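The structure appears below as structure tokens.
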Amino acid sequence: MEREQHDGRKVVLIDGCRIPFLRSGSGYRDLTSYDLGRLALKALLDRTQIEPGRVDRVIMGTVIARLATSNVARESALAAGFPPHVPAYTVTLACISANVAITSGTDLIRTGQADIVVAGGTESMSDIPICYRKPVRRKLLEAQRYKGPMDFLEFPKGIGLKDLLPEIPSIAEFSTGRAMGEDCDRLAARLGISREAQDEYALRSHLAASRATTEGVLRGEIEPVRVPPDFQSIAVDNGFRADTSLEKLKSLKPAFVKKYGTVTAGNSSFLTDGAAATLLMAEDAARALGYKPKARIRAYAYSAQDPGEELLLGPAYATPKALDAAGLGLSDIDVFEFHEAFAGQILANIQCLASESFAREKLGRAGRMGDIPMEKFNSLGGSLSLGHPFGATGARLVTTAANRLIRENGTFALVAACAAGAMGNAIVLERWKDH
Amino acid sequence: MTYAQVELRDGVAVIWLDQPGEKVNKISLDLLDGFSEILHRIESDPAVKGVVLISRKADNFIAGADLDQFRQARDPDPVEALSRDGHVILNRMTAFPKPIVAAIHGATFGGGLEVALACHYRIATDDPRTVMALPEVRLGLLPAGGGTQRLPRLVGLQNALDMMLTGKNIYPRQAKKMGLVDDVVNPYALLHAAKTAALGLAEEPLERKKKRTLLAGLLESTPFSRRLVYKKARQMVQKTTRGNYPAPFRIIDCVEAGLERGLAEGEKMEEKTFGDLAMTPQSRELIQIFFGMTALKKNPLREQVRPVRKIGILGAGLMGSGIASVSAANDMDVLLRDVSPEALGRGEKALWRELDEKVRKRILTPFQRDRVFSRISGQEGYRGFEKADLIIEAVFEDLDLKKKILREVEAVIKEDAIFASNTSSLPITSIAEASARPDQVIGMHYFSPVPKMPLLEIIVTAKTAPWVTATAVDTGIRQGKTVIVVNDGPGFYTTRILAPLLNETLVLLNEGADIEDVDGAMRQFGYPVGPITLLDEVGIDVGVHVLRILGPLFERRGIQPDESMEVLFKAGYRGRKNNRGFYRYDPSGGGRKKDVNEEVYAFFGGSKRVSIGEAEIQKRLSLVMTNEAAYCLQEGILNSPRDGDIGAVFGLGFPPFLGGPFRHIDRLGPRKVLAMMEDLENIHGNRFKPAGILRDMATENKRFYDG
């Protein structure tokens with residue numbers, strides 16, 4: 001059945017911002033994802049001066065939910081000053097959770113259900129829930145039904161000592177049991193992507209982030225914060241290594257596939273705390289309120305593959321779909337903002353997009369997608385260097401892409417990212433005509 | 001008039017308290033009589049198994065007593081009778097054969113709580129408006145409806161003394177914990193819960209478990225150990241009041257009489273003491289202040305108030321963050337600007353700590369704290385200032401700086417925004433010279449620490465528009481402040497009357513007075529801190545600044561201001577802030593005051609001190625300030641003696657039991673005060689030249705207050 005494309009109303013990005021992304025366990029160690037979300041939403045309100053009561057929806061992505069704030073969007077929004085009547089909900093799709101928040105918001109506006117949407121994401125890796133193992137959890141729940149003290153004698157039965165050790169969630173693919181880094185190692189080996197190429201890409205990312213920070217380019221999208229307990233000013237990201245070098249990167253041991261692997265801590269993204277938010281509006285709403293949009297959300301697409309084989313190729317699959325929907329080719333894109341889970345993953349996706357056989361065999365297309373001009377690619381750093389708070393990265397990518405379009409005088413930007421479950425997302429932005 | 005209606009529901013007589021034509025129920029004999037009459041009717045009605053006492057008002061059970069009845073009484077007898085009649089009715093309630101349940105929602109103060117105490121069971125709602133207290137002590141009185149008797153029996157001696165000696169508020173969960181109420185329910189379930197409780201009690205009488213800690217239980221169980229508690233309490237009261245307030249002692253007496261010699265004895269003492277206390281000048285002054293404060297909660301210009309939703313505050317120092325705190329806590333959005341992230345961080349940290357403290361005390365939930373904190377946007381620029389309705393500058397006390405900041409901010413704010421200066425002494429008229437819209441410039445003088453100090457002194461110039469004044473007053477009231485409006489002049493009112501007191505303090509030191517003698521005398525007089533400690537606290541630099549601003553004014557009256565503070569300042573003394581002041585501070589002990597810094601005596605004629613009598617110190621320091629207040633009224637700085645009294649008590653800590661400078665003159669008698677002033681003038685010269693208005697009052701034998 002032929003699907004019809006419904007463009008509906010035009011959706012524009014007014015602005016976006018994030019709080020500085022910090023290595024987990026550093027400046028935000030006493031905060032939760034709720035706190036970070038609240039800070040990012042408050043920053044967006046301050047920055048755009050939008051009256052929070054006029055917002056129709058707040059959508060936030062997150063991956064590792066705390067039980068107490070399972071709908072973290074709602075709690076963060078209320079605490080940030082959104083009045084109770086503004087609905088807020090949380091979406092989750094691994095590393096593209098914020099992408100889902102933004103595309104859901106886009107659809108709400110496009111179909112006339114909302115005029116103004118705040119979409120973003122929040123993540124704290126300093127506050128991950130640590131659980132008892134299943135046998136203890138089962139016993140604890142059973143114990144709630146105990147009547148007398150004698151019943152408690154039953155408690156230790158069937159629990160081994162090692163069951164009492166806490167269970168720390170690992171970033172492993174549920175369906176395959178493999179850590180994501182292992183999959184990246186497999187993918188790099190399969191496509192012949194060398195350790196040197198990965199290290200070189202990682203170095204590039206760190207140096208780009210460092211340069212963008214020193215030159216103040218990122219200042220335009222980062223809102224400084226001061227947080228408990230000491231309220232020192234936090235104005236820049238702290239994850240990138242300005243002083244790293246190929247030698248240093250080369251010296252690191254493989255992190256996942258011991259001995260022969262190519263994926264190291266140096267060419268992988270690190271655990272990060274952070275949050276980001278964007279303000280989306282219907283074109284007419286923006287005009288009525290006197291806002292000058294930065295970009296239009298032109299099109300987006302999602303993809304999904306077999307998690308066993310193509311866990312990290314989301315961008316290569318989602319990009320053609322989104323470009324088709326926008327009626328554009330890869331060569332029309334002036335700004336590329338891809339999520340860097342691993343250097344190997346980025347290089348693999350670039351390679352696939354450039355490959356004839358990938359296009360033919362996997363995408364069912366006659367010709368290859370094309371080569372990505374690297375000077376247009378992640379030129380301000382990426383998840384490898386700026387950090388990757390799972391639920392928030394998508395909002396950073398979209399905001400940076402829009403800002404780069406304006407600064408680099410481009411027309412179209414492509415945002416793409418992969419996610420656990422072998423899912424992918426791509427979003428096409430078009431610079432707003434007044435800029 | 002009917003104060004109560006009764007309806008029979010499911011075997012329970014529900015008595016609705018509803019004082020006609022009022023928003024609140026007030027305790028009065030009429031109310032109690034109506035109630036008593038109903039009880040009489042239903043006592044023998046077999047259909048009635050229990051009784052529920054509940055209010056029809058939205059946010060109060062019984063909000064206390066009508067204070068006018070004490071104010072008008074000329075002798076103790078009628079007041080005593082009030083208490084006696086109350087006892088008769090409340091004792092009848094307690095002895096009523098059917099259970100009476102108090103269903104408490106909203107404010108339950110004083111006599112209202114005593115009515116609840118006389119019931120057999122109490123259920124309170126968990127609503128934030130439900131607050132219980134016995135605040136009589138704050139008016140120089142005591143709980144005379146059996147409160148001193150029933151409360152210790154219910155919640156224990158120490159809890160009861162704490163409540164009655166401080167008058168503090170008790171919230172529902174706390175009340176349940178200490179046994180003041182038996183249960184806490186949501187507001188919608190109150191009536192049902194109370195009825196169910198009444199029927200349950202009718203079936204099976206209650207055995208109430210004592211909720212005291214082991215230690216408290218032991219301490220309160222024997223007459224001998226209780227004697228220790230009374231003794232300790234009396235010592236505490238003596239220490240905090242220095243014997244200036246009789247009521248707390250009388251409360252302890254009544255509790256002791258009741259617990260050791262029986263309820264009847266206790267009530268008899270309650271009646272007698274109540275009548276006596278109502279006649280004390282302390283109680284009259286405290287009630288007068290209460291009336292003044294209540295009157296000031298109403299904005300006379302409320303029709304002209306324009307909405308203030310967003311406040312821009314310039315400067316995140318102690319004052320700026322304090323103003324931000326009281327604004328955000330009262331639903332205003334705040335833009336807090338300072339020049340550096342470090343300064344902002346310090347201000348925000350102070351704000352956060354204050355809010356977090358409330359979380360620790362369970363006054364706020366962490367979420368409520370976050371929400372209040374989110375109302376404050378700390379920033380280095382003027383973002384959002386175009387939406388601010390009111391700008392309050394709290395930058396360094398420097399006229400040129402304030403003018404510069406005014407010009408700067410006026411370029412970015414909207415045309416009808418108000419510019420307020422939080423200065424303690426700079427003339428608002430001079431600041432307004434920098435403005436293109438001087439009619440929208442006003443002074444808002446807060447006191448430090450802002451969240452704790454109740455006064456806001458608003459200063460208007462000849463050009464300030466009435467709507468601007470109205471809006472500033474409204475904002476202050478919303479921030480929880482007691483607001484007085486004064487006219488512009490050097491030091492306005494509060495700083496101006498403080499200046500001669502500080503000056504006279506320096507003169508005394510130069511005469512050889514001992515630092516601790518001066519502070520001690522004034523604390524004994526009733527000030528919370530002595531003037532020299534105050535100087536150290538606010539800073540010697542600030543003191544110098546104030547005396548410099550006011551110097552010319554005093555010189556015109558032929559007074560040569562003391563210059564020793566200027567010398568101290570030039571020698572690097574700043575007070576507590578740089579640990580170089582009149583006292584020494586312990587840097588390791590959180591900056592606690594240690595002892596007198598003997599080296600400052602070098603600036604006041606050397607270490608040899610002479611003894612100056614307490615009465616002499618008190619007379620000079622109190623009269624020099626009181627006289628200056630009279631000048632302020634005479635010159636039109638003050639609009640009324642009431643404003644002057646409230647300003648001195650709430651802003652400067654003038655002893656509340658003296659009622660303020662004008663009440664003080666009235667009580668002593670203007671003639672006597674004039675005579676004292678003339679004596680002092682003869683000895684000390686122009687510093688004590690009586691204000692003309694004082695002379696007029698004395699010759700015409702008039703008083704500042706009527707009646």
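Residues in the structure tokens are named by chain (A, B, ... in the order shown) and by number from 1 within that chain; ligands are numbered from 1 in the order shown.
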Item to check | Expected answer as a PyMOL selection string: chain A residues within 10 Å of chain B, only C-alpha atoms | outcome: chain A and resi 35+38-39+41-43+45-49+75-82+224-235
Next on the checklist: Residues within 6 Å of Val118 in chain A, please, as an NGL selection string. Count only C-alpha atoms; anything in the same chain fewer than 2 positions from it doesn't count.
Outcome noted: :A and (58 or 278-279)
Could you write those residues out with N, CA and C atoms, as an mmCIF file, in the first residue's frame?
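Output contents, as saved in result.cif:
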data_model
loop_
_atom_site.group_PDB
_atom_site.id
_atom_site.type_symbol
_atom_site.label_atom_id
_atom_site.label_comp_id
_atom_site.auth_asym_id
_atom_site.auth_seq_id
_atom_site.Cartn_x
_atom_site.Cartn_y
_atom_site.Cartn_z
ATOM 1 N N VAL A 58 5.128 19.231 27.162
ATOM 2 C CA VAL A 58 6.551 19.069 27.459
ATOM 3 C C VAL A 58 6.868 17.588 27.298
ATOM 4 N N THR A 278 14.576 21.791 23.653
ATOM 5 C CA THR A 278 14.341 22.644 22.481
ATOM 6 C C THR A 278 12.926 23.204 22.551
ATOM 7 N N LEU A 279 12.743 24.323 21.882
ATOM 8 C CA LEU A 279 11.409 24.922 21.804
ATOM 9 C C LEU A 279 10.923 24.834 20.361
#
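When DSSP is run on the backbone, the residues of range 381-416 of chain A that fall into strand (DSSP E or B) are Gly381, His388, Phe412, Ala413, Leu414, Val415 and Ala416 of chain A.
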Checklist entry - Just how far from CA of Gly8 in chain A is CA of Leu414 in chain A, in Å to one decimal? => result 20.8 Å
Checklist entry - Could you name the residues that touch Ser83 in chain B at 12 Å or less, counting only C-alpha atoms, but leaving out those on the same chain fewer than 2 positions away, as a ChimeraX atom specification? => result /B:27-29,32,65,70,76-81,85-91,111,114,141-147,267-276,278
Write the residues of the preceding selection, restricted to C-alpha atoms, as a CSV table (one decimal), in the first residue's frame.
chain,number,residue,atom,x,y,z
B,27,ILE,CA,-14.0,33.2,70.7
B,28,SER,CA,-16.5,35.1,72.8
B,29,LEU,CA,-19.0,34.5,75.5
B,32,LEU,CA,-19.8,29.9,74.0
B,65,ALA,CA,-10.3,36.1,70.7
B,70,PHE,CA,-9.4,43.6,76.6
B,76,PRO,CA,-9.2,43.6,85.9
B,77,ASP,CA,-12.7,42.5,87.0
B,78,PRO,CA,-14.5,42.2,83.7
B,79,VAL,CA,-11.5,40.4,82.2
B,80,GLU,CA,-11.3,38.1,85.1
B,81,ALA,CA,-15.0,37.4,84.7
B,85,ASP,CA,-17.4,32.3,82.6
B,86,GLY,CA,-15.4,30.6,80.0
B,87,HIS,CA,-14.2,28.0,82.5
B,88,VAL,CA,-17.8,27.2,83.6
B,89,ILE,CA,-18.8,26.5,80.0
B,90,LEU,CA,-15.7,24.6,79.0
B,91,ASN,CA,-15.8,22.5,82.2
B,111,GLY,CA,-9.4,30.4,72.9
B,114,GLU,CA,-8.8,25.8,74.3
B,141,LEU,CA,-1.5,37.5,78.3
B,142,LEU,CA,-2.0,33.9,79.1
B,143,PRO,CA,-4.3,31.2,77.8
B,144,ALA,CA,-7.2,31.8,80.2
B,145,GLY,CA,-9.7,29.2,78.9
B,146,GLY,CA,-8.1,26.4,80.8
B,147,GLY,CA,-5.2,26.2,78.4
B,267,GLU,CA,-8.3,27.7,86.9
B,268,LYS,CA,-8.7,30.1,89.8
B,269,MET,CA,-5.2,31.4,89.3
B,270,GLU,CA,-5.7,31.5,85.6
B,271,GLU,CA,-8.8,33.8,86.1
B,272,LYS,CA,-7.1,36.1,88.5
B,273,THR,CA,-3.8,36.3,86.6
B,274,PHE,CA,-5.6,36.9,83.3
B,275,GLY,CA,-7.3,40.0,84.7
B,276,ASP,CA,-4.0,41.3,86.1
B,278,ALA,CA,-4.6,42.5,80.8
Contact residues around Ile50 in chain A with only C-alpha atoms at 10 Å, ignoring same-chain residues under 5 positions, as a compact mmCIF listing (two decimals) with C-alpha atoms, in the first residue's frame:
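Contents of the output file result.txt:
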# COMPACT_ATOMS: atom_id res chain seq x y z
CA LEU A 44 15.16 27.11 28.08
CA LEU A 45 12.44 29.23 29.70
CA VAL A 55 3.28 25.63 26.12
CA ILE A 116 4.07 25.06 21.16
CA LEU A 279 11.41 24.92 21.80
CA LEU A 289 4.44 35.60 19.37
CA TYR A 291 9.76 34.68 17.60
Item to check | All alpha helix (DSSP H) positions in range 224-352 of chain A, as a PyMOL selection string | outcome: chain A and resi 246-250+283-289+314-326+343-352
Checklist entry - Hey, what's within 9 Å of Ile637 in chain B if we count only C-alpha atoms and toss same-chain stuff fewer than 2 positions away? As a PyMOL selection string, please? => result chain B and resi 486-489+492-493+631-635+639
For the selection you just gave me, I'd like the residues written to a file as a CSV table (one decimal), in the first residue's frame, keeping N, CA and C atoms.
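Resulting contents of part07.csv:
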chain,number,residue,atom,x,y,z
B,486,VAL,N,7.2,56.2,54.4
B,486,VAL,CA,7.7,57.5,55.0
B,486,VAL,C,8.1,58.4,53.8
B,487,ASN,N,8.3,59.6,54.1
B,487,ASN,CA,8.8,60.6,53.1
B,487,ASN,C,10.3,60.7,53.1
B,488,ASP,N,10.8,61.1,51.9
B,488,ASP,CA,12.3,61.1,51.8
B,488,ASP,C,12.9,62.2,52.6
B,489,GLY,N,14.1,61.9,53.1
B,489,GLY,CA,14.9,62.8,53.9
B,489,GLY,C,16.1,62.0,54.3
B,492,PHE,N,15.9,58.7,56.0
B,492,PHE,CA,14.5,58.4,56.1
B,492,PHE,C,14.0,58.4,57.6
B,493,TYR,N,13.4,57.3,58.0
B,493,TYR,CA,13.0,57.3,59.4
B,493,TYR,C,13.9,56.4,60.3
B,631,TYR,N,11.2,64.5,66.0
B,631,TYR,CA,11.6,65.3,64.9
B,631,TYR,C,11.0,64.8,63.6
B,632,CYS,N,11.1,63.5,63.4
B,632,CYS,CA,10.7,62.9,62.1
B,632,CYS,C,9.2,63.2,61.9
B,633,LEU,N,8.4,63.1,63.0
B,633,LEU,CA,7.0,63.3,62.9
B,633,LEU,C,6.7,64.8,62.6
B,634,GLN,N,7.4,65.6,63.3
B,634,GLN,CA,7.3,67.1,63.1
B,634,GLN,C,7.6,67.6,61.7
B,635,GLU,N,8.7,66.9,61.2
B,635,GLU,CA,9.1,67.3,59.8
B,635,GLU,C,8.3,66.7,58.7
B,639,ASN,N,4.2,59.8,58.6
B,639,ASN,CA,2.9,60.2,58.4
B,639,ASN,C,2.0,60.0,59.7
Next on the checklist: I'd like the neighbourhood of range 597-613 of chain B as a list in words, where a residue qualifies if any of its atoms comes within 7 Å (using only C-alpha atoms), though same-chain residues fewer than 5 positions away should be ignored.
Outcome noted: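 So, after excluding close chain neighbours, the residues are Leu509, Asn510, Gly512, Ala513, Asp514, Ser564, Gly581, Phe582, Tyr583 and Arg584 of chain B.
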Would you mind listing what lies within 8 Å of Leu347 in chain A as a tab-separated table (two decimals) with N, CA and C atoms, in the first residue's frame, with only C-alpha atoms counted and same-chain residues fewer than 3 positions away left out?
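The file below, selection_36.tsv, is the result:
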chain	number	residue	atom	x	y	z
A	193	ILE	N	37.56	-1.75	9.73
A	193	ILE	CA	37.92	-0.41	10.24
A	193	ILE	C	38.99	-0.58	11.31
A	198	GLN	N	40.04	4.48	14.07
A	198	GLN	CA	39.14	4.81	15.19
A	198	GLN	C	39.80	5.82	16.12
A	343	ALA	N	33.81	5.68	17.90
A	343	ALA	CA	34.46	6.11	16.67
A	343	ALA	C	34.24	5.06	15.58
A	344	GLY	N	34.33	3.78	15.95
A	344	GLY	CA	34.14	2.70	14.99
A	344	GLY	C	32.75	2.72	14.38
A	350	ILE	N	29.56	5.90	7.99
A	350	ILE	CA	30.03	6.69	6.85
A	350	ILE	C	30.38	5.77	5.69
A	351	GLN	N	31.04	4.67	6.03
A	351	GLN	CA	31.45	3.70	5.02
A	351	GLN	C	30.22	3.09	4.32
Once you count only C-alpha atoms, what closest atom pair and distance in Å to one decimal does each residue of range 98-126 of chain A within 12 Å of range 66-71 of chain A have, with rows by chain and rising residue number, as CSV?
residue,atom,partner,partner_atom,distance
A:Gly121,CA,A:Asn71,CA,11.7
A:Thr122,CA,A:Asn71,CA,11.5
A:Glu123,CA,A:Arg66,CA,10.3
A:Ser124,CA,A:Arg66,CA,9.8
A:Met125,CA,A:Arg66,CA,11.1
A:Ser126,CA,A:Arg66,CA,11.7
